[in-house]
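**Q** Here it is, the structure, as structure tokens.
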Amino acid sequence: MPVTVVRRGPFPPARGARTADVTLRRALRFGLLAAVLAGLAGASVAVAQDPAERALQVLEDPGAGTGKLSLLGGLMTGETPEGEPRGLAELLVRVPSSLRSAPSGVVRVTLVMARIDDEPVVLTEEVPPQSLASASAWLYQREVELPEDFLEMAATVEFFGSGLWGATLVEFGDEPLPRPFSGVVSHATHLAPVLPPRVTRSAPVARSVIRILPPRQRPATGKTRFQTLASIDGIARVEFLLDGVEVAADDRPPFSANIDLGSEPTAHQVEVIAYSRSDRELGRHSILVNDESSPFRVQIAGLSGEPTSGEVEVRARVSIPPATELDRVEFYWNDELGATLEAPPYRATLTSADPSPSDFVRVVAYLSDGTANEDAWLLSAPGPSERIDVNLVEVYAVVTDKQGQPVDGLALEDFEVSLKGRAQQVESFGPAEEVPLVLGVVIDTSESMYPLMIETKQAGAQFLLETVREDDRAFLVDFDTQPRLAHTTTGDVADLLRAFGRLEADGYTALYDAIIFALLQLEEAEGRKALVLLSDGDDYRSKFSQNRCIEFGRDLGVPVYIIGLAGIHTEGRSFRKTDLEGITESTGGRIFYIREVGQLSTAYAQINAELRSQYLITFATERQLTTQELRSIKVKMKRKGLSVRAAVAGKIQ
């Protein structure tokens, strides 16, 4: 009878030194699994012969020992009529002559399904004796329920009593395994309704598996280096596409490529596709380079009719970035919805039974991902045709006193804003609290964090509850040797809290990679953004540098806050303070050094206070500013004794 065992152990095996406590816990878990598997086959099976461990070795290294049996594995994937993911696994074993003279004895089959962010699932089955007298091959078929974050599969087959076994990586395919032998003995196990006729070879995992970073030089021309950041270590190959055509591939991490973009700064789409060892597509990501198109914007282009009569016709212009889709455009008289259009021309007649000189019309455009942009016009003001198009620059500033506490109640006269050294005329000024916040929370889950995980989860959860308000959104990234998107951007705080509860400690501390990875999640976000990172140690084995974090954070206008827990550890873990302070100071954030667990909630509370005390300063320019011009924006305080940190809301073009 089939038995399912959830393996309580890491995959792939984490590298490096281990604390005694963690090593003991893993040893106990491994011993429990071995005991269960051994109990299925008899007490004589030794831990060293654990079939699941053999399969794990093949997943880690396809060139590892695969035994004396000649074995092929295939997996077709699809869905049940109810939409549940299923896989049909096939194993084809060539029967050696030594097994043809007598019944085969019990055959044990073990399937190991690796997952992206969780422990592998182990399925094992013992097949009763079968006659192999005239067989040249033995075929095993089993339908399996695929985990949502399924990565790839390996298998082992053992013929008890003969000492023969084999292990293999199970390859993805659209068709059943070939049957090159004349006599095949089969065994099939079905756990669910059969797969529908149409199957698919690859089903990308809906997670942030790989991201491609924008090029450092802008505009980008000639041979340009593109780097990627992976959130799993099951990637075997990455393909690079330029405008839909494959131009490079890399099978060694960190995956990167030099791509020729031509001599002119032409707009291009660069895409990366990640594959597993079994050639399954795991995920993809694309960016636009040298994109000079307008950002997402809706604008009232014209008004006709007499507002005092209670009827006007409103015309709107809408521009959307490439690779996005417009969902709808809504037209309002004051706050009353008058029309909804899904296609151009964007023109609507609005009416009011009781018009007033203070009335206004409003047009709101929505992208398919829910992003909105709006324009409004007071009906008693001159028509929209008399306006001059300008580019508005948003600057978010935090002001603190000598004790480091946020200062509220300041006026525009207290600030001085300059662009390339020239003072700017401020268009609007006020508290930024009403602007929705997109917050990234980044948690260090490296092995050294294990003793602090309970307090970390509690304090982080409390921070989310107090900081994420209505219309705000947040996402969660955890990291050790690699960063992972533990939860996508959402306004559902309860769902984020559940993601906190699933965090576990293991691996190294790739801190800079985690910052870059989290910033990439904010690349498409508009308006007010912030990143809050908690870690207990200095960076170790990141692919990216502290300078790249500064550069990327400034370009995106994201203040980076860091809470350092190194002072809690008795073994003397430390930070490279100048590097981390460089990241926070250069992006408009702040760093907090914690020496007691009780100070953690206090640090989060101070960050929340700062985010709720930001000022929004806007000024107009005749055109969209370049990256270098955005970096030249400075904010200074005229009043003595006050300090200011500012982030310019931007998006890499």
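FYI, nothing fancy with the structure tokens labels: chains A, B, ... in order, residues from 1 per chain, ligands from 1 as they appear.
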What residues in region 344-547 of chain A get the DSSP label strand (DSSP E)? Please answer as a PyMOL selection string.

**A** chain A and resi 347-351+360-367+372-378+391-400+415-419+422-423+426-431+437-444+473-479+483-490+528-535

**Q** List the spatial neighbours of Gln521 (chain A) as a PDB file with C-alpha atoms, in the first residue's frame - criterion: any atom at most 10 Å away, only C-alpha atoms, same-chain residues fewer than 4 positions off excluded.

**A**
```pdb
ATOM      1  CA  SER A 208       9.706  35.229  -7.906  1.00  0.00           C
ATOM      2  CA  ARG A 211      14.921  38.441 -11.456  1.00  0.00           C
ATOM      3  CA  GLY A 440       8.902  45.660   2.009  1.00  0.00           C
ATOM      4  CA  PHE A 475       5.331  42.072   1.009  1.00  0.00           C
ATOM      5  CA  LEU A 476       7.647  39.728   2.904  1.00  0.00           C
ATOM      6  CA  VAL A 477      11.131  38.547   1.891  1.00  0.00           C
ATOM      7  CA  LEU A 485       9.649  36.046  -1.739  1.00  0.00           C
ATOM      8  CA  THR A 488       3.784  38.832  -2.607  1.00  0.00           C
ATOM      9  CA  THR A 489       2.602  42.431  -2.228  1.00  0.00           C
ATOM     10  CA  ILE A 516      18.590  43.966  -4.110  1.00  0.00           C
ATOM     11  CA  PHE A 517      15.941  41.246  -4.369  1.00  0.00           C
ATOM     12  CA  ALA A 525       5.493  50.438  -7.367  1.00  0.00           C
TER      13      ALA A 525
END
```

**Q** Could you tell me which of A:Leu419, A:Leu580, A:Val407, A:Leu522 comes closest to Leu642 (chain A) if we count only C-alpha atoms?

**A**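 Closest residue, counting only C-alpha atoms: A:Val407.
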
**Q** Pick out the closest residue to Leu139 (chain A) from this set: A:Leu177, A:Ile443, A:Val209, A:Ala154. Count only C-alpha atoms.

**A**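 Closest to Leu139 (chain A) of all the choices is A:Leu177.
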
**Q** Which value, in Å to one decimal, gives the distance between CA of Asn608 (chain A) and CA of Glu466 (chain A)?

**A**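 If I compute the distance from CA of Asn608 (chain A) to CA of Glu466 (chain A), I get 7.6 Å.
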
**Q** Just checking: using only C-alpha atoms, which residue out of A:Leu111, A:Val532, A:Val363, A:Ile591 ends up closest to Ile515 (chain A)?

**A**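 Checking each candidate against Ile515 (chain A), we get A:Val532 as the closest.
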